[in-house]
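Visitor: So here's structure-v1.txt (compact mmCIF, C-alpha atoms).
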```txt
# COMPACT_ATOMS: atom_id res chain seq x y z
CA MET A 760 0.00 0.00 0.00
CA LYS A 761 1.33 3.45 -0.90
CA LYS A 762 2.25 5.89 1.83
CA PHE A 763 -0.49 8.30 0.68
CA ASP A 764 -3.13 5.54 0.86
CA LYS A 765 -1.95 4.58 4.35
CA GLU A 766 -2.32 8.18 5.50
CA ARG A 767 -5.81 8.42 4.03
CA LEU A 768 -6.80 5.19 5.80
CA LEU A 769 -5.32 6.47 9.05
CA LEU A 770 -7.28 9.72 8.80
CA ALA A 771 -10.48 7.83 7.97
CA VAL A 772 -10.16 5.53 10.98
CA ALA A 773 -8.79 8.06 13.47
CA GLY A 774 -11.95 10.20 13.65
CA PRO A 775 -14.46 7.48 14.61
CA VAL A 776 -11.99 5.81 17.00
CA ILE A 777 -11.26 9.08 18.81
CA ALA A 778 -15.00 9.85 18.96
CA LEU A 779 -15.82 6.48 20.52
CA VAL A 780 -12.98 6.68 23.04
CA VAL A 781 -13.98 10.20 24.10
CA ALA A 782 -17.67 9.21 24.33
CA VAL A 783 -16.88 6.19 26.51
CA ALA A 784 -14.56 8.26 28.72
CA LEU A 785 -17.11 11.05 29.22
CA THR A 786 -19.92 8.57 29.89
CA SER A 787 -17.72 6.91 32.50
CA VAL A 788 -17.18 10.31 34.13
CA VAL A 789 -20.97 10.77 34.29
CA LEU A 790 -21.32 7.33 35.91
CA ILE A 791 -18.61 8.06 38.48
CA ALA A 792 -20.20 11.44 39.29
CA SER A 793 -23.50 9.66 39.97
CA GLY A 794 -21.81 7.12 42.22
CA LYS A 795 -22.09 4.22 39.75
CA ASN A 796 -19.59 1.64 38.54
CA PRO A 797 -18.12 3.03 35.27
CA ILE A 798 -17.29 -0.41 33.85
CA GLU A 799 -20.24 -2.68 34.68
CA PRO A 800 -22.82 -1.07 32.33
CA TYR A 801 -20.60 -1.77 29.33
CA SER A 802 -20.01 -5.38 30.36
CA ILE A 803 -23.77 -5.84 30.76
CA MET A 804 -24.48 -4.45 27.30
CA PHE A 805 -21.68 -6.48 25.72
CA GLU A 806 -23.13 -9.59 27.33
CA GLN A 807 -26.52 -8.80 25.81
CA ALA A 808 -24.95 -8.74 22.35
CA THR A 809 -24.02 -12.42 22.75
CA PHE A 810 -27.68 -13.50 22.88
CA SER A 811 -29.14 -14.53 19.54
CA ASP A 812 -32.52 -12.81 20.07
CA ILE A 813 -30.79 -9.51 20.83
CA GLN A 814 -28.60 -9.97 17.75
CA VAL A 815 -31.72 -10.31 15.59
CA LEU A 816 -33.18 -7.15 17.12
CA ILE A 817 -29.91 -5.30 16.50
CA VAL A 818 -29.76 -6.33 12.82
CA ASN A 819 -33.41 -5.39 12.26
CA GLN A 820 -33.03 -2.00 13.92
CA ALA A 821 -29.73 -1.34 12.15
CA SER A 822 -31.40 -1.84 8.76
CA LEU A 823 -33.70 1.13 9.43
CA TYR A 824 -30.85 3.26 10.76
CA TYR A 825 -28.63 2.34 7.81
CA ILE A 826 -31.10 3.44 5.13
CA ALA A 827 -31.87 6.69 6.97
CA ALA A 828 -28.15 7.42 7.36
CA LEU A 829 -27.52 6.79 3.66
CA ALA A 830 -30.23 9.36 2.87
CA VAL A 831 -28.47 11.89 5.11
CA ALA A 832 -25.06 11.00 3.63
CA ILE A 833 -26.25 11.75 0.08
CA GLY A 834 -27.08 15.28 1.19
CA PHE A 835 -23.78 15.60 3.05
CA ARG A 836 -21.83 14.69 -0.09
CA MET A 837 -23.52 17.66 -1.77
CA ASN A 838 -22.95 19.92 1.27
CA LEU A 839 -26.70 19.76 1.95
CA PHE A 840 -28.08 19.18 5.44
CA ASN A 841 -31.27 17.21 4.87
CA ILE A 842 -32.61 17.35 8.40
CA GLY A 843 -36.04 16.37 7.09
CA VAL A 844 -35.31 12.65 6.70
CA ASP A 845 -37.54 11.89 9.68
CA GLY A 846 -40.59 13.57 8.16
CA GLN A 847 -39.87 12.11 4.74
CA TYR A 848 -39.60 8.54 5.99
CA GLN A 849 -42.68 8.78 8.22
CA LEU A 850 -44.90 10.26 5.52
CA ALA A 851 -43.59 7.71 3.01
CA ALA A 852 -44.32 4.84 5.42
CA MET A 853 -47.82 6.21 6.01
CA MET A 854 -48.57 6.44 2.27
CA ALA A 855 -47.15 2.96 1.62
CA ALA A 856 -49.33 1.59 4.45
CA VAL A 857 -52.42 3.31 3.04
CA VAL A 858 -51.78 1.96 -0.46
CA GLY A 859 -51.03 -1.48 0.96
CA ALA A 860 -54.33 -1.51 2.84
CA HIS A 861 -56.48 -0.36 -0.10
CA VAL A 862 -54.81 -1.98 -3.11
CA ALA A 863 -54.58 -5.75 -3.54
CA LEU A 864 -52.30 -6.99 -6.31
CA PRO A 865 -50.23 -10.16 -6.66
CA ALA A 866 -47.11 -10.07 -4.49
CA ALA A 867 -44.85 -9.65 -7.55
CA LEU A 868 -46.62 -6.33 -8.23
CA GLN A 869 -47.75 -5.30 -4.75
CA VAL A 870 -44.30 -5.11 -3.14
CA PRO A 871 -42.73 -3.03 -5.97
CA LEU A 872 -45.79 -0.76 -5.86
CA LEU A 873 -45.31 -0.13 -2.14
CA ILE A 874 -41.58 0.48 -2.60
CA LEU A 875 -42.23 2.97 -5.42
CA THR A 876 -44.93 4.68 -3.34
CA ALA A 877 -42.46 5.19 -0.50
CA VAL A 878 -39.69 6.40 -2.83
CA PHE A 879 -41.87 8.92 -4.67
CA THR A 880 -43.45 10.21 -1.46
CA GLY A 881 -40.07 10.77 0.19
CA ALA A 882 -38.65 12.34 -2.97
CA PHE A 883 -41.66 14.64 -3.35
CA TRP A 884 -41.43 15.85 0.26
CA ALA A 885 -37.67 16.48 0.02
CA GLY A 886 -38.11 18.01 -3.44
CA ILE A 887 -40.18 20.83 -1.94
CA ALA A 888 -37.14 21.93 0.07
CA GLY A 889 -34.95 21.47 -3.02
CA VAL A 890 -37.17 23.69 -5.15
CA LEU A 891 -37.30 26.37 -2.46
CA LYS A 892 -33.50 26.37 -2.23
CA VAL A 893 -32.76 26.64 -5.96
CA THR A 894 -35.55 29.12 -6.76
CA ARG A 895 -35.73 31.29 -3.64
CA GLY A 896 -32.47 30.55 -1.82
CA VAL A 897 -34.27 29.15 1.24
CA SER A 898 -31.93 27.16 3.49
CA GLU A 899 -32.67 23.45 3.26
CA VAL A 900 -32.23 23.23 7.05
CA VAL A 901 -35.07 25.68 7.71
CA ALA A 902 -37.26 24.23 4.95
CA THR A 903 -36.87 20.62 6.03
CA ILE A 904 -37.48 21.44 9.72
CA MET A 905 -40.75 23.11 8.76
CA LEU A 906 -41.65 20.23 6.45
CA ASN A 907 -41.12 17.79 9.35
CA ALA A 908 -43.78 19.66 11.32
CA ILE A 909 -46.10 19.77 8.32
CA ALA A 910 -45.60 16.04 7.71
CA THR A 911 -46.73 15.36 11.29
CA SER A 912 -49.92 17.35 10.65
CA VAL A 913 -50.55 15.60 7.33
CA ILE A 914 -50.17 12.21 9.02
CA ALA A 915 -52.62 13.27 11.76
CA TYR A 916 -55.11 14.26 9.06
CA LEU A 917 -54.73 10.99 7.17
CA TRP A 918 -55.34 9.12 10.44
CA LEU A 919 -58.86 10.58 10.72
CA PRO A 920 -61.51 7.83 10.45
CA SER A 921 -63.17 9.86 7.72
CA VAL A 922 -59.98 9.72 5.63
CA PHE A 923 -57.79 6.58 5.94
CA GLY A 924 -57.64 6.05 9.69
CA VAL A 925 -58.77 2.86 11.44
CA LYS A 926 -59.16 2.98 15.24
CA VAL A 927 -57.85 -0.05 17.12
CA GLY A 928 -58.59 0.65 20.77
CA ASN A 929 -56.84 3.91 21.55
CA ASN A 930 -54.37 3.46 18.71
CA ASN A 931 -54.57 5.24 15.37
CA THR A 932 -53.72 2.94 12.46
CA THR A 933 -54.09 2.78 8.71
CA GLY A 934 -55.61 -0.70 8.87
CA GLU A 935 -53.79 -3.93 8.15
CA MET A 936 -52.11 -4.20 4.74
CA HIS A 937 -53.03 -6.98 2.32
CA GLU A 938 -50.80 -10.02 2.78
CA SER A 939 -49.52 -9.76 -0.78
CA GLY A 940 -47.54 -6.73 0.42
CA TRP A 941 -45.90 -8.54 3.33
CA VAL A 942 -42.23 -9.38 2.85
CA PRO A 943 -41.24 -12.65 4.57
CA GLY A 944 -38.15 -12.58 6.72
CA PHE A 945 -35.38 -15.00 7.57
CA ASN A 946 -36.46 -17.39 10.30
CA MET A 947 -33.77 -17.65 12.97
CA GLY A 948 -35.67 -20.13 15.14
CA GLU A 949 -36.18 -19.11 18.76
CA ALA A 950 -34.12 -15.95 18.16
CA GLY A 951 -36.88 -14.49 15.99
CA GLU A 952 -37.00 -13.33 12.41
CA ILE A 953 -34.71 -10.97 10.51
CA TYR A 954 -36.59 -8.58 8.25
CA GLY A 955 -36.58 -9.64 4.62
CA LEU A 956 -35.86 -6.07 3.54
CA VAL A 957 -32.51 -6.14 5.30
CA ILE A 958 -31.45 -7.23 1.82
CA LEU A 959 -32.75 -3.89 0.52
CA ALA A 960 -30.44 -2.06 2.92
CA VAL A 961 -27.46 -4.05 1.61
CA VAL A 962 -28.42 -3.36 -2.01
CA LEU A 963 -28.81 0.36 -1.29
CA GLY A 964 -25.38 0.47 0.36
CA ILE A 965 -23.75 -1.16 -2.67
CA GLY A 966 -25.67 1.10 -5.04
CA TYR A 967 -24.67 4.18 -3.04
CA TRP A 968 -20.97 3.29 -3.37
CA VAL A 969 -21.18 2.44 -7.07
CA VAL A 970 -23.12 5.57 -8.02
CA LEU A 971 -20.92 7.96 -6.05
CA ASN A 972 -17.59 6.43 -7.02
CA ARG A 973 -18.13 4.88 -10.46
CA THR A 974 -20.57 7.13 -12.31
CA ARG A 975 -20.53 10.60 -13.83
CA PHE A 976 -23.49 11.61 -11.66
CA GLY A 977 -21.55 10.66 -8.54
CA PHE A 978 -18.53 12.66 -9.67
CA ASP A 979 -20.71 15.70 -10.42
CA LEU A 980 -22.36 15.36 -7.02
CA ARG A 981 -19.06 15.22 -5.16
CA ALA A 982 -17.57 18.00 -7.28
CA SER A 983 -20.55 20.28 -6.68
CA GLY A 984 -20.34 19.60 -2.95
CA ALA A 985 -16.62 20.40 -2.90
CA SER A 986 -16.86 23.61 -4.95
CA GLU A 987 -19.92 24.89 -6.80
CA SER A 988 -17.87 27.40 -8.79
CA ALA A 989 -15.38 24.77 -9.94
CA ALA A 990 -18.19 22.36 -10.82
CA SER A 991 -19.99 25.09 -12.74
CA ALA A 992 -16.81 25.87 -14.67
CA SER A 993 -16.63 22.21 -15.73
CA GLY A 994 -20.16 22.30 -17.14
CA VAL A 995 -22.15 21.09 -14.12
CA ASP A 996 -25.35 22.96 -13.23
CA PRO A 997 -25.14 23.41 -9.41
CA LYS A 998 -28.86 24.16 -9.02
CA ARG A 999 -29.81 21.04 -10.92
CA MET A 1000 -27.46 19.00 -8.76
CA VAL A 1001 -28.93 20.49 -5.56
CA LEU A 1002 -32.45 19.57 -6.63
CA THR A 1003 -31.38 16.12 -7.81
CA ALA A 1004 -29.50 15.44 -4.57
CA MET A 1005 -32.53 16.41 -2.49
CA LEU A 1006 -34.81 14.19 -4.59
CA VAL A 1007 -32.46 11.21 -4.31
CA SER A 1008 -31.95 11.80 -0.58
CA GLY A 1009 -35.70 12.03 -0.01
CA GLY A 1010 -36.36 8.93 -2.11
CA MET A 1011 -33.81 7.01 -0.06
CA ALA A 1012 -35.35 8.34 3.17
CA GLY A 1013 -38.74 7.07 2.03
CA LEU A 1014 -37.40 3.52 2.15
CA ALA A 1015 -36.19 3.72 5.75
CA GLY A 1016 -39.46 2.55 7.28
CA LEU A 1017 -40.20 -0.28 4.86
CA PRO A 1018 -38.22 -3.08 6.57
CA ILE A 1019 -40.40 -2.87 9.68
CA LEU A 1020 -43.60 -1.90 7.84
CA LEU A 1021 -43.56 -4.76 5.34
CA GLY A 1022 -41.78 -7.23 7.61
CA ASP A 1023 -43.46 -6.76 10.99
CA THR A 1024 -46.15 -4.16 11.77
CA HIS A 1025 -48.04 -4.30 8.43
CA THR A 1026 -49.71 -1.03 9.41
CA TYR A 1027 -48.71 2.53 10.25
CA SER A 1028 -49.77 3.40 13.80
CA LEU A 1029 -48.84 5.46 16.84
CA ASN A 1030 -46.40 2.67 17.75
CA PHE A 1031 -44.39 3.11 14.56
CA PRO A 1032 -40.78 4.11 15.39
CA THR A 1033 -39.99 7.82 15.18
CA GLY A 1034 -36.78 9.83 15.34
CA ILE A 1035 -34.90 7.49 12.99
CA GLY A 1036 -34.16 10.34 10.60
CA PHE A 1037 -32.45 12.38 13.32
CA LEU A 1038 -30.44 9.38 14.49
CA GLY A 1039 -29.36 8.93 10.86
CA ILE A 1040 -27.50 12.25 11.08
CA GLY A 1041 -25.23 11.05 13.87
CA ILE A 1042 -24.77 7.66 12.21
CA ALA A 1043 -23.79 9.25 8.89
CA LEU A 1044 -21.30 11.51 10.69
CA LEU A 1045 -19.76 8.63 12.61
CA GLY A 1046 -19.54 6.54 9.42
CA ARG A 1047 -17.93 9.43 7.51
CA ASN A 1048 -20.54 9.04 4.73
CA SER A 1049 -18.96 5.72 3.77
CA PRO A 1050 -21.35 2.78 3.20
CA VAL A 1051 -19.13 0.45 5.23
CA GLY A 1052 -18.53 3.00 7.97
CA ILE A 1053 -22.25 3.76 8.17
CA ALA A 1054 -22.98 0.03 8.48
CA PHE A 1055 -20.74 -0.27 11.55
CA ALA A 1056 -22.16 2.93 13.01
CA ALA A 1057 -25.74 1.70 12.48
CA LEU A 1058 -24.94 -1.59 14.23
CA LEU A 1059 -23.33 0.34 17.10
CA TRP A 1060 -26.39 2.56 17.50
CA ALA A 1061 -28.74 -0.42 17.32
CA TRP A 1062 -26.66 -2.26 19.92
CA LEU A 1063 -26.88 0.72 22.30
CA ASP A 1064 -30.67 0.79 21.78
CA LYS A 1065 -31.38 -2.91 22.19
CA ALA A 1066 -28.84 -3.78 24.88
CA SER A 1067 -29.49 -0.81 27.19
CA PRO A 1068 -32.94 -1.89 28.54
CA GLU A 1069 -31.18 -4.64 30.51
CA LEU A 1070 -29.45 -1.91 32.56
CA ASP A 1071 -32.73 -1.21 34.39
CA PHE A 1072 -32.56 -4.64 36.00
CA HIS A 1073 -29.07 -3.94 37.40
CA GLY A 1074 -29.71 -0.57 39.00
CA TYR A 1075 -28.52 1.53 36.08
CA ASP A 1076 -30.54 3.94 33.99
CA LYS A 1077 -30.96 2.83 30.37
CA GLU A 1078 -30.61 6.50 29.42
CA ILE A 1079 -26.88 5.88 29.71
CA ALA A 1080 -27.06 4.71 26.09
CA VAL A 1081 -28.80 7.93 25.06
CA ILE A 1082 -26.12 9.97 26.84
CA MET A 1083 -23.45 7.98 25.04
CA GLN A 1084 -25.14 8.52 21.66
CA GLY A 1085 -25.26 12.27 22.24
CA LEU A 1086 -21.63 12.35 23.34
CA ILE A 1087 -20.64 10.37 20.26
CA VAL A 1088 -22.20 13.02 17.99
CA ILE A 1089 -20.39 15.84 19.83
CA ALA A 1090 -17.12 13.90 19.89
CA VAL A 1091 -17.43 13.08 16.18
CA VAL A 1092 -17.62 16.74 15.20
CA VAL A 1093 -14.70 17.73 17.44
CA SER A 1094 -12.50 14.74 16.56
CA TYR A 1095 -13.06 15.09 12.80
CA GLU A 1096 -12.04 18.73 12.95
CA ALA A 1097 -8.95 17.81 14.99
CA VAL A 1098 -8.04 15.00 12.58
CA ARG A 1099 -8.59 17.32 9.59
CA GLU A 1100 -6.24 19.93 11.06
CA TRP A 1101 -3.69 17.24 11.84
CA GLY A 1102 -3.92 15.92 8.28
CA LEU A 1103 -3.47 19.41 6.83
CA ARG A 1104 -0.37 20.00 8.94
CA ARG A 1105 1.10 16.65 7.87
CA GLN A 1106 0.40 17.51 4.24
CA GLN A 1107 1.98 20.93 4.60
CA ARG A 1108 5.10 19.45 6.20
CA ARG A 1109 5.34 16.82 3.45
CA VAL A 1110 5.02 19.44 0.71
CA GLY A 1111 7.57 21.65 2.47
CA ALA A 1112 10.02 18.75 2.74
CA GLU A 1113 9.57 17.91 -0.95
CA LEU A 1114 10.13 21.52 -1.97
CA ALA A 1115 13.24 21.73 0.21
CA ALA A 1116 14.57 18.48 -1.25
CA GLY A 1117 13.91 19.78 -4.75
CA HIS A 1118 15.72 23.04 -3.95
CA VAL A 1119 18.77 21.17 -2.65
CA LEU A 1120 18.80 18.90 -5.69
CA GLY A 1121 18.53 21.87 -8.01
CA ALA A 1122 21.41 23.63 -6.27
CA ALA A 1123 23.55 20.51 -6.55
CA ASN A 1124 22.84 20.24 -10.28
CA ASN A 1125 23.77 23.88 -10.82
CA THR A 1126 27.05 23.33 -8.95
CA GLU A 1127 27.87 20.31 -11.14
CA LYS A 1128 27.19 22.38 -14.28
CA GLU A 1129 29.48 25.18 -13.06
CA VAL A 1130 32.29 22.71 -12.30
CA ALA A 1131 31.86 21.07 -15.72
CA GLY A 1132 31.96 24.48 -17.42
CA ARG A 1133 35.30 25.30 -15.85
```
Represent the structure of the file as structure tokens.
Guide:
Amino acid sequence: MKKFDKERLLLAVAGPVIALVVAVALTSVVLIASGKNPIEPYSIMFEQATFSDIQVLIVNQASLYYIAALAVAIGFRMNLFNIGVDGQYQLAAMMAAVVGAHVALPAALQVPLLILTAVFTGAFWAGIAGVLKVTRGVSEVVATIMLNAIATSVIAYLWLPSVFGVKVGNNNTTGEMHESGWVPGFNMGEAGEIYGLVILAVVLGIGYWVVLNRTRFGFDLRASGASESAASASGVDPKRMVLTAMLVSGGMAGLAGLPILLGDTHTYSLNFPTGIGFLGIGIALLGRNSPVGIAFAALLWAWLDKASPELDFHGYDKEIAVIMQGLIVIAVVVSYEAVREWGLRRQQRRVGAELAAGHVLGAANNTEKEVAGR
């Protein structure tokens, strides 16, 4: 491996490692300050990860986190902060559930229909923010935050019994979807069942890497994110790329709720998981927008979620995991900036050394020429 590649790998790994170490250290300080054992909670959660049923829960939860984080990462690569992934995925899941409950096609057509419904709903909702940004200069952060609130109101309206809502006790639902839209999972025996659409998360991760690193669109996206003026000079329309990136990000976000919707709940209700879009931001940051890095970050987040409830039975608050997640996000931002500065200094020293070596070599050559001329 070349020296340059080794340095790039070192910089890529250093940020997440520093963030995790700092997060663990600060969480331990919090535990000590509250009079708790700073080591035992981690051993308890690590022990939980050895149980097969917890492993199934972790994989299932990670599939949702992974897709949401990929949606955020697409925006990050374009220097866009799509903070509306949560609203996009919830509205998309709601519309897919409504279509699944009112349309009955053969499974070969029903499942693709539900997937397309989720994609187009998420893309449409994100596209509103994209259009506002390219036509009126509205910040995508402000637009997507407002759209999250509007999405919540739209969902509440669609839940009305006079619209698409079906009351089940005190729970608002969209009614059970037709079985042709259910996606069977992988039976793991007593451990439970892994969602069938975990495969979708894997396919999306591979597609994300291929598109960004092996296609012209991916190059234009990364170039526009790095420098709009430079991309524009090379023939790329920055506004078109902004809108396209928002549409793709929203379409990806729309898929985040499908693993659990089609593989478990088969309806959209008050019990449907929320906040996944916001967690995707921290996961994308920790994974450095890399599909492999995001996968490890999603598994880490899912492990913290699914292993922490056991802490209640040992006298510890399960919110320790939430504290650790928040500290990871803060530590990620700080550590990445520190690693970036360190990398720049190393690069500057290397360039300086090369220039100095070139100057010495040039002086030696001139001396040889003068001696030969005499």
Visitor: Can you tell me which residues surround Ala1066 of chain A at a distance of at most 7 Å, considering only C-alpha atoms, apart from same-chain residues fewer than 4 positions away, and format the answer as a list of chain:residue names?
Guide: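 What passes the distance filter is A:Met804, A:Gln807, A:Ala808, A:Trp1062.
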Visitor: Go through A:Val776, A:Val1092, A:Ile1040, A:Ile833 one by one, measure the shortest atom-to-atom distance of each to Leu971 of chain A using only C-alpha atoms, and give the residue with the smallest value.
Guide: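 Comparing A:Val776, A:Val1092, A:Ile1040, A:Ile833 against Leu971 of chain A, the winner is A:Ile833.
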Visitor: Using all atoms listed in the file, find the one residue out of A:Tyr801, A:Phe923, A:Phe883, A:Tyr954 that sits nearest to Thr1026 of chain A.
Guide: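 Ranked by minimum distance to Thr1026 of chain A, first place goes to A:Phe923.
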Visitor: So, with all atoms listed in the file as the atoms that count, which of A:Ser811, A:Ala784, A:Asn907, A:Val970 lies closest to Ile798 of chain A?
Guide: A:Ala784
Visitor: What are the centre and the three edge lengths of an axis-aligned box that wraps all atoms of segment 1033-1052 of chain A in the file, given that 8 Å is added to every side, written as lines of an AutoDock Vina configuration file and rounded to one decimal in Å?
Guide:
```
center_x = -29.0
center_y = 6.4
center_z = 9.3
size_x = 38.1
size_y = 27.9
size_z = 28.1
```
Visitor: Report as a list in words all protein, DNA and RNA residues lying within 9 Å of segment 1045-1051 of chain A, evaluated on only C-alpha atoms, omitting residues in the same chain fewer than 4 positions from it.
Guide: Ala771, Gly774, Pro775, Ala778, Tyr825, Ala828, Leu829, Val831, Ala832, Ile833, Phe835, Arg836, Gly964, Ile965, Tyr967, Trp968, Ile1040, Gly1041, Phe1055, Ala1056, Ala1057, Ile1087, Val1088, Val1091 and Val1092 of chain A
Visitor: Please provide the set of residues having any atom within 10 Å of His1073 of chain A, restricted to only C-alpha atoms, with same-chain residues fewer than 5 positions apart removed, written as a list in words.
Guide: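 Counting only C-alpha atoms, the residues come to Glu799, Pro800, Ile803 and Pro1068 of chain A.
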Visitor: Using only C-alpha atoms, please write the residues we just selected to a file, as a tab-separated table (two decimals), in the frame of the given file.
Guide:
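Result file part-v4.tsv:
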```tsv
chain	number	residue	atom	x	y	z
A	799	GLU	CA	-20.24	-2.68	34.68
A	800	PRO	CA	-22.82	-1.07	32.33
A	803	ILE	CA	-23.77	-5.84	30.76
A	1068	PRO	CA	-32.94	-1.89	28.54
```
Visitor: Would you mind reading off the distance between atom CA of His937 of chain A and atom CA of Ala950 of chain A, one decimal, in Å?
Guide: 26.2 Å
Visitor: Between atom CA of Gly934 of chain A and atom CA of Ala860 of chain A, what is the distance, to one decimal in Å?
Guide: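 Pair atom CA of Gly934 of chain A / atom CA of Ala860 of chain A returns 6.2 Å.
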Visitor: To one decimal place, how far is atom CA of Phe1072 of chain A from atom CA of Phe1037 of chain A in Å?
Guide: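 Separating atom CA of Phe1072 of chain A from atom CA of Phe1037 of chain A is a distance of 28.4 Å.
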Visitor: Choose the residue, out of A:Gly843, A:Pro1032, A:Pro871, A:Gly859, that has the smallest atom-to-atom separation from Ile904 of chain A; count only C-alpha atoms.
Guide: A:Gly843
Visitor: Of the residues A:Val1007, A:Val844, A:Ala1015, A:Ile817, which is the one nearest to Glu952 of chain A, using all atoms listed in the file?
Guide: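 Closest to Glu952 of chain A, using all atoms listed in the file: A:Ile817.
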Visitor: Any idea what's packed within 9 Å of Val957 of chain A, counting only C-alpha atoms, ignoring anything in its chain fewer than 4 positions away? Could you give it as JSON, numbers by chain?
Guide: {"A": [818, 819, 821, 822, 823, 944, 953, 961, 962, 1018]}
Visitor: Would you mind listing what lies within 8 Å of Ala910 of chain A as a PyMOL selection string, with all atoms listed in the file counted and same-chain residues fewer than 2 positions away left out?
Guide: chain A and resi 846-847+849-850+906-908+912-914
Visitor: Any chance you could tabulate, as CSV, the residues of segment 807-905 of chain A at most 10 Å from segment 991-1000 of chain A with each one's nearest atom pair and distance in Å to one decimal, using only C-alpha atoms, in chain and rising number order?
Guide:
```
residue,atom,partner,partner_atom,distance
A:Met837,CA,A:Met1000,CA,8.1
A:Gly889,CA,A:Lys998,CA,9.0
A:Val890,CA,A:Lys998,CA,9.2
A:Lys892,CA,A:Lys998,CA,8.5
A:Val893,CA,A:Lys998,CA,5.5
A:Thr894,CA,A:Lys998,CA,8.6
```
Visitor: Of the candidates A:Ala866, A:Ala882, A:Met1005, A:Ala1090, which one gets nearest to Ala782 of chain A if we count only C-alpha atoms?
Guide: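 For Ala782 of chain A, the nearest of the candidates is A:Ala1090.
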Visitor: Output file request: segment 999-1004 of chain A, with all heavy atoms, as a PDB file, in the first residue's frame.
Guide:
```pdb
ATOM      1  N   ARG A 999     -29.237  22.334 -10.539  1.00  0.00           N
ATOM      2  CA  ARG A 999     -29.812  21.039 -10.919  1.00  0.00           C
ATOM      3  C   ARG A 999     -29.307  19.941 -10.006  1.00  0.00           C
ATOM      4  O   ARG A 999     -30.060  19.044  -9.599  1.00  0.00           O
ATOM      5  CB  ARG A 999     -29.461  20.723 -12.373  1.00  0.00           C
ATOM      6  CG  ARG A 999     -29.992  19.372 -12.854  1.00  0.00           C
ATOM      7  CD  ARG A 999     -29.677  19.157 -14.326  1.00  0.00           C
ATOM      8  NE  ARG A 999     -28.239  19.119 -14.571  1.00  0.00           N
ATOM      9  CZ  ARG A 999     -27.490  18.032 -14.410  1.00  0.00           C
ATOM     10  NH1 ARG A 999     -28.039  16.898 -13.998  1.00  0.00           N
ATOM     11  NH2 ARG A 999     -26.197  18.076 -14.665  1.00  0.00           N
ATOM     12  N   MET A1000     -28.027  20.007  -9.637  1.00  0.00           N
ATOM     13  CA  MET A1000     -27.459  18.999  -8.759  1.00  0.00           C
ATOM     14  C   MET A1000     -28.046  19.096  -7.345  1.00  0.00           C
ATOM     15  O   MET A1000     -28.254  18.080  -6.690  1.00  0.00           O
ATOM     16  CB  MET A1000     -25.942  19.137  -8.702  1.00  0.00           C
ATOM     17  CG  MET A1000     -25.225  18.768  -9.990  1.00  0.00           C
ATOM     18  SD  MET A1000     -25.650  17.108 -10.591  1.00  0.00           S
ATOM     19  CE  MET A1000     -25.156  16.099  -9.206  1.00  0.00           C
ATOM     20  N   VAL A1001     -28.310  20.321  -6.883  1.00  0.00           N
ATOM     21  CA  VAL A1001     -28.930  20.494  -5.563  1.00  0.00           C
ATOM     22  C   VAL A1001     -30.308  19.840  -5.541  1.00  0.00           C
ATOM     23  O   VAL A1001     -30.646  19.076  -4.619  1.00  0.00           O
ATOM     24  CB  VAL A1001     -29.045  21.993  -5.200  1.00  0.00           C
ATOM     25  CG1 VAL A1001     -29.977  22.188  -4.003  1.00  0.00           C
ATOM     26  CG2 VAL A1001     -27.672  22.580  -4.894  1.00  0.00           C
ATOM     27  N   LEU A1002     -31.106  20.137  -6.569  1.00  0.00           N
ATOM     28  CA  LEU A1002     -32.450  19.571  -6.628  1.00  0.00           C
ATOM     29  C   LEU A1002     -32.402  18.055  -6.771  1.00  0.00           C
ATOM     30  O   LEU A1002     -33.156  17.326  -6.097  1.00  0.00           O
ATOM     31  CB  LEU A1002     -33.216  20.184  -7.802  1.00  0.00           C
ATOM     32  CG  LEU A1002     -34.665  19.692  -7.994  1.00  0.00           C
ATOM     33  CD1 LEU A1002     -35.474  19.938  -6.729  1.00  0.00           C
ATOM     34  CD2 LEU A1002     -35.304  20.392  -9.191  1.00  0.00           C
ATOM     35  N   THR A1003     -31.508  17.564  -7.615  1.00  0.00           N
ATOM     36  CA  THR A1003     -31.383  16.119  -7.812  1.00  0.00           C
ATOM     37  C   THR A1003     -30.953  15.429  -6.522  1.00  0.00           C
ATOM     38  O   THR A1003     -31.485  14.371  -6.163  1.00  0.00           O
ATOM     39  CB  THR A1003     -30.369  15.810  -8.926  1.00  0.00           C
ATOM     40  OG1 THR A1003     -30.778  16.452 -10.131  1.00  0.00           O
ATOM     41  CG2 THR A1003     -30.280  14.315  -9.177  1.00  0.00           C
ATOM     42  N   ALA A1004     -29.980  16.031  -5.817  1.00  0.00           N
ATOM     43  CA  ALA A1004     -29.502  15.437  -4.571  1.00  0.00           C
ATOM     44  C   ALA A1004     -30.608  15.377  -3.529  1.00  0.00           C
ATOM     45  O   ALA A1004     -30.744  14.382  -2.804  1.00  0.00           O
ATOM     46  CB  ALA A1004     -28.312  16.239  -4.031  1.00  0.00           C
TER      47      ALA A1004
END
```
